[in-house]
Amino acid sequence: MIELERASRWYGQILGLNDVTCKIPAGLNALLGPNGAGKSTMLRLVTGQLRPTRGKVTVFGEKPFANPKVFRRLGYCPENENSYDEMTGREFVTMLAAMGDIRPPKLASRVSEVIEFVGMTANADRQIGGYSKGMRQRVKLAQGIVHDPDVLILDEPLNGLDPVGRRQITGMLRELAEQGKCVVISSHILHEVEQLTRNILLIHRGRLLAQGDIYQIRSLIDAHPHRISIRTETGRALAKWLLDLPYILSVRLQNPEGTLLEIETRAPDQFYAQFPEVVLEGGFVVHSFESPDNNLEAVFRYLVGE
Amino acid sequence: MSDFYLFRNAVRDLLRPKRLVAALVLGTLPALVAGIWRATAKAGGFNAEVVYNALAGNLIFGFILVILAVIFGTGVISQEIEQKTITYLLTRPLPRWRIALAKFLAASTGITLTLWVSMLLLALVSFGGAGFSMERLGKDALVLPVGALAYGSVFLLVATLLNRPLLWGLAYAFGWESWASTMPGHFQKLSIMAYLRVLAPHPQPEGESMDLSNLLSAMNTHDISPTFAGRVMVGVVLVALALALTLFSFREYVPRDDTD
């Protein structure tokens with residue numbers, strides 16, 4: 001649906017996006033990177049607000065810049081919270097829906113439908129100026145989906161939301177992705193995205209560092225063995241067993257009591273497959289096991305070399 | 001349909017209390033001055049014709065029209081950029097030129113309505129409800145929207161071309177426009193106001209005193225026929241508007257302080 005081919009974007013002397021090539025498929029995708037990484041630049045290129053300085057950006061096979069054909073099938077929620085504060089939420093969504101070729105009598109019913117979907121029915125007729133941050137995010141989402149786009153782009157949609165609001169918005173995004181739409185959200189908060197999707201694009205200093213399934217990406221980072229922590233009552237005995245396994249690189253006791261082990265392996269999948277067998281055979285008591293670096297934060301840290 | 005919604009919302013935006021109050025204050029200014037003039041004039045010394053012409057020419061055409069056109073003409077685009085709401089408009093399946101045109105027409109309508117109210121109030125206060133020439137009023141009423149469109153399209157063009165369009169617009173309106181019309185030679189033909197004065201003249205009777213700018217203008221006459229003035233105004237509107245809409249369709253507008 002979305003394709004970037006060696007796309008670069010300069011702002012005068014400043015490089016916003018550097019030689020990015022990628023395809024973004026249907027489903028829920030997260031564009032990750034710290035502030036200033038180039039996420040918003042990339043989204044602005046995809047949403048046709050900017051042209052690439054070099055390379056090519058296409059959406060549905062078309063160049064998106066000022067292209068109504070693309071905008072008919074694309075919804076966008078910008079990062080900023082500015083809006084038409086003197087309009088009501090309903091007026092705002094209605095105006096943008098009308099600009100999306102939705103005509104009466106369908107217009108009013110479609111607006112009500114999306115307002116209900118984002119949980120704003122009770123507040124839709126209040127002025128946006130009086131909305132909380134969460135309400136603004138919801139009404140922004142409503143305008144983005146009102147014309148039923150195939151691609152939905154959201155720039156930092158979870159910013160400033162309370163946990164309940166965050167859960168509700170992520171639920172809505174999942175629902176849209178399940179309908180077969182391509183949903184792209186940008187975020188600089190890794191754990192937030194981790195709970196939302198496994199399909200990520202990692203961007204740093206304008207460059208795309210990695211794209212794909214978070215766990216696959218992690219497994220490809222050979223330079224950093226996979227660490228797994230195991231909480232057990234029989235640490236020393238378990239450590240001995242584990243060291244006999246060929247794919248275990250090291251085993252460390254993390255506390256004097258020997259109840260917390262940390263192993264390093266380059267074959268985490270093999271370990272996870274065999275570990276229950278080891279536990280049963282040795283009669284070990286294992287309380288929990290987890291991978292402290294099988295998460296976005298670690299992947300990101302390894303990829304940027306920090 | 002979508003153009004209508006844009007137009008309607010832009011008009012409603014002009015009717016927000018703050019803007020409405022500002023427009024009303026500006027609009028009633030000529031009538032207020034006329035009222036003070038009438039109240040302070042010696043018995044028999046109040047000439048309604050002179051007062052109407054002076055205030056319509058200098059305040060309504062020379063100031064209110066221009067200031068409203070600068071604010072609303074440049075505001076068609078710059079307000080959306082400053083509020084960072086332009087993103088919503090530019091990511092909709094509507095050609096960009098239609099977005100700008102709908103908003104421009106709404107701004108021109110707002111300017112014209114304010115000017116008509118101002119002109120009617122001035123006529124009522126000056127002539128006291130009787131004795132004014134309907135022909136004069138009709139002509140002014142017809143030329144005011146022409147001025148709103150001409151100035152508005154020029155300031156829309158300024159807004160599509162330059163950063164800080166309001167400053168450039170004010171410099172043009174109160175710098176170039178006042179200067180060009182008083183310069184010797186053919187400079188006045190480069191001023192929109194010169195053509196509006198031909199289309200809607202507000203002559204001072206013989207023997208009346210004149211300020212310096214009016215005196216210079218009177219000394220620096222060039223034959224501009226009403227037909228020619230009308231054609232030039234139509235040309236200015238068409239060329240400035242076409243350029244502005246074309247530029248708006250091709251330029252990138254990213255809200256300031258919002259680039260990562």
# chains A, B, ... in the order shown; residues from 1 in each chain; ligands from 1
$ residues_around --residues "Gly147 in chain B" --least-positions-apart "3" --cutoff "10 Å" --atoms "only C-alpha atoms" --output "PyMOL selection string"
chain B and resi 61+65-66+69+108+111-112+142-144+150-153+192-193+195-196+199+233+237
$ residues_around --residues "range 48-50 of chain A" --least-positions-apart "2" --cutoff "12 Å" --atoms "only C-alpha atoms" --output "VMD selection string"
(chain A and resid 2 7 to 11 16 to 17 40 to 46 52 to 54 56 to 59 62 to 71 74 to 76 78 153) or (chain B and resid 86 to 93 96 249 to 255 259)
$ interface_residues --of "chain A" --to "chain B" --cutoff "6 Å" --atoms "only C-alpha atoms" --output "PyMOL selection string"
chain A and resi 36+38+50+68+71-72+83+95+98-100
$ residues_around --residues "Pro276 in chain A" --least-positions-apart "6" --cutoff "12 Å" --atoms "only C-alpha atoms" --output "number ranges by chain"
A: 242, 270, 282-286, 288-289
$ write_last_selection --atoms "N, CA and C atoms" --output "mmCIF file, in the first residue's frame"
data_model
loop_
_atom_site.group_PDB
_atom_site.id
_atom_site.type_symbol
_atom_site.label_atom_id
_atom_site.label_comp_id
_atom_site.auth_asym_id
_atom_site.auth_seq_id
_atom_site.Cartn_x
_atom_site.Cartn_y
_atom_site.Cartn_z
ATOM 1 N N LEU A 242 21.993 -26.427 32.295
ATOM 2 C CA LEU A 242 21.916 -25.529 31.132
ATOM 3 C C LEU A 242 23.259 -25.405 30.421
ATOM 4 N N GLN A 270 15.277 -22.177 20.149
ATOM 5 C CA GLN A 270 15.654 -23.538 20.535
ATOM 6 C C GLN A 270 15.588 -23.694 22.064
ATOM 7 N N GLY A 282 14.884 -32.537 35.138
ATOM 8 C CA GLY A 282 15.721 -32.267 36.317
ATOM 9 C C GLY A 282 14.915 -32.063 37.575
ATOM 10 N N GLY A 283 13.601 -31.927 37.443
ATOM 11 C CA GLY A 283 12.724 -31.706 38.580
ATOM 12 C C GLY A 283 12.983 -30.356 39.241
ATOM 13 N N PHE A 284 13.285 -29.355 38.428
ATOM 14 C CA PHE A 284 13.554 -28.016 38.962
ATOM 15 C C PHE A 284 12.260 -27.264 39.236
ATOM 16 N N VAL A 285 12.338 -26.379 40.222
ATOM 17 C CA VAL A 285 11.177 -25.512 40.483
ATOM 18 C C VAL A 285 11.494 -24.135 39.867
ATOM 19 N N VAL A 286 10.739 -23.786 38.862
ATOM 20 C CA VAL A 286 10.973 -22.490 38.183
ATOM 21 C C VAL A 286 9.770 -21.583 38.430
ATOM 22 N N SER A 288 9.588 -18.231 37.380
ATOM 23 C CA SER A 288 9.306 -17.405 36.192
ATOM 24 C C SER A 288 10.538 -17.350 35.314
ATOM 25 N N PHE A 289 10.326 -17.034 34.063
ATOM 26 C CA PHE A 289 11.463 -16.713 33.200
ATOM 27 C C PHE A 289 11.030 -15.654 32.188
#
$ select_by_dssp --residues "range 49-254 of chain B" --states "alpha helix (DSSP H)" --output "PyMOL selection string"
chain B and resi 49-55+65-82+86-90+96-127+134-161+165-171+177-180+192-199+212-219+226-250
$ residues_around --residues "Gly119 in chain A" --least-positions-apart "2" --cutoff "12 Å" --atoms "only C-alpha atoms" --output "PyMOL selection string"
chain A and resi 89+112-117+121-124+134-139+141-142+165+168-169+171-172
$ residues_around --residues "Thr21 in chain A" --least-positions-apart "5" --cutoff "7 Å" --atoms "only C-alpha atoms" --output "JSON, numbers by chain"
{"A": [4, 5, 6, 7]}
$ atom_distance --atom1 "CA of Ile263 in chain A" --atom2 "CA of Glu194 in chain A"
23.3 Å
$ atom_distance --atom1 "CA of Glu3 in chain A" --atom2 "CA of Gln195 in chain A"
25.3 Å
$ residues_around --residues "Leu122 in chain B" --least-positions-apart "6" --cutoff "9 Å" --atoms "only C-alpha atoms" --output "PyMOL selection string"
chain B and resi 28-35+52+55-56
$ residues_around --residues "Tyr272 in chain A" --least-positions-apart "6" --cutoff "12 Å" --atoms "only C-alpha atoms" --output "list of chain:residue names"
A:His226, A:Arg227, A:Ile228, A:Ile230, A:Tyr247, A:Ile248, A:Thr265, A:Arg266, A:Val278, A:Val279, A:Phe289, A:Glu290, A:Ser291
$ closest_residue --among "B:Leu101, B:Val117, B:Leu15, B:Ala200" --to "Ile77 in chain B" --atoms "only C-alpha atoms"
B:Leu101
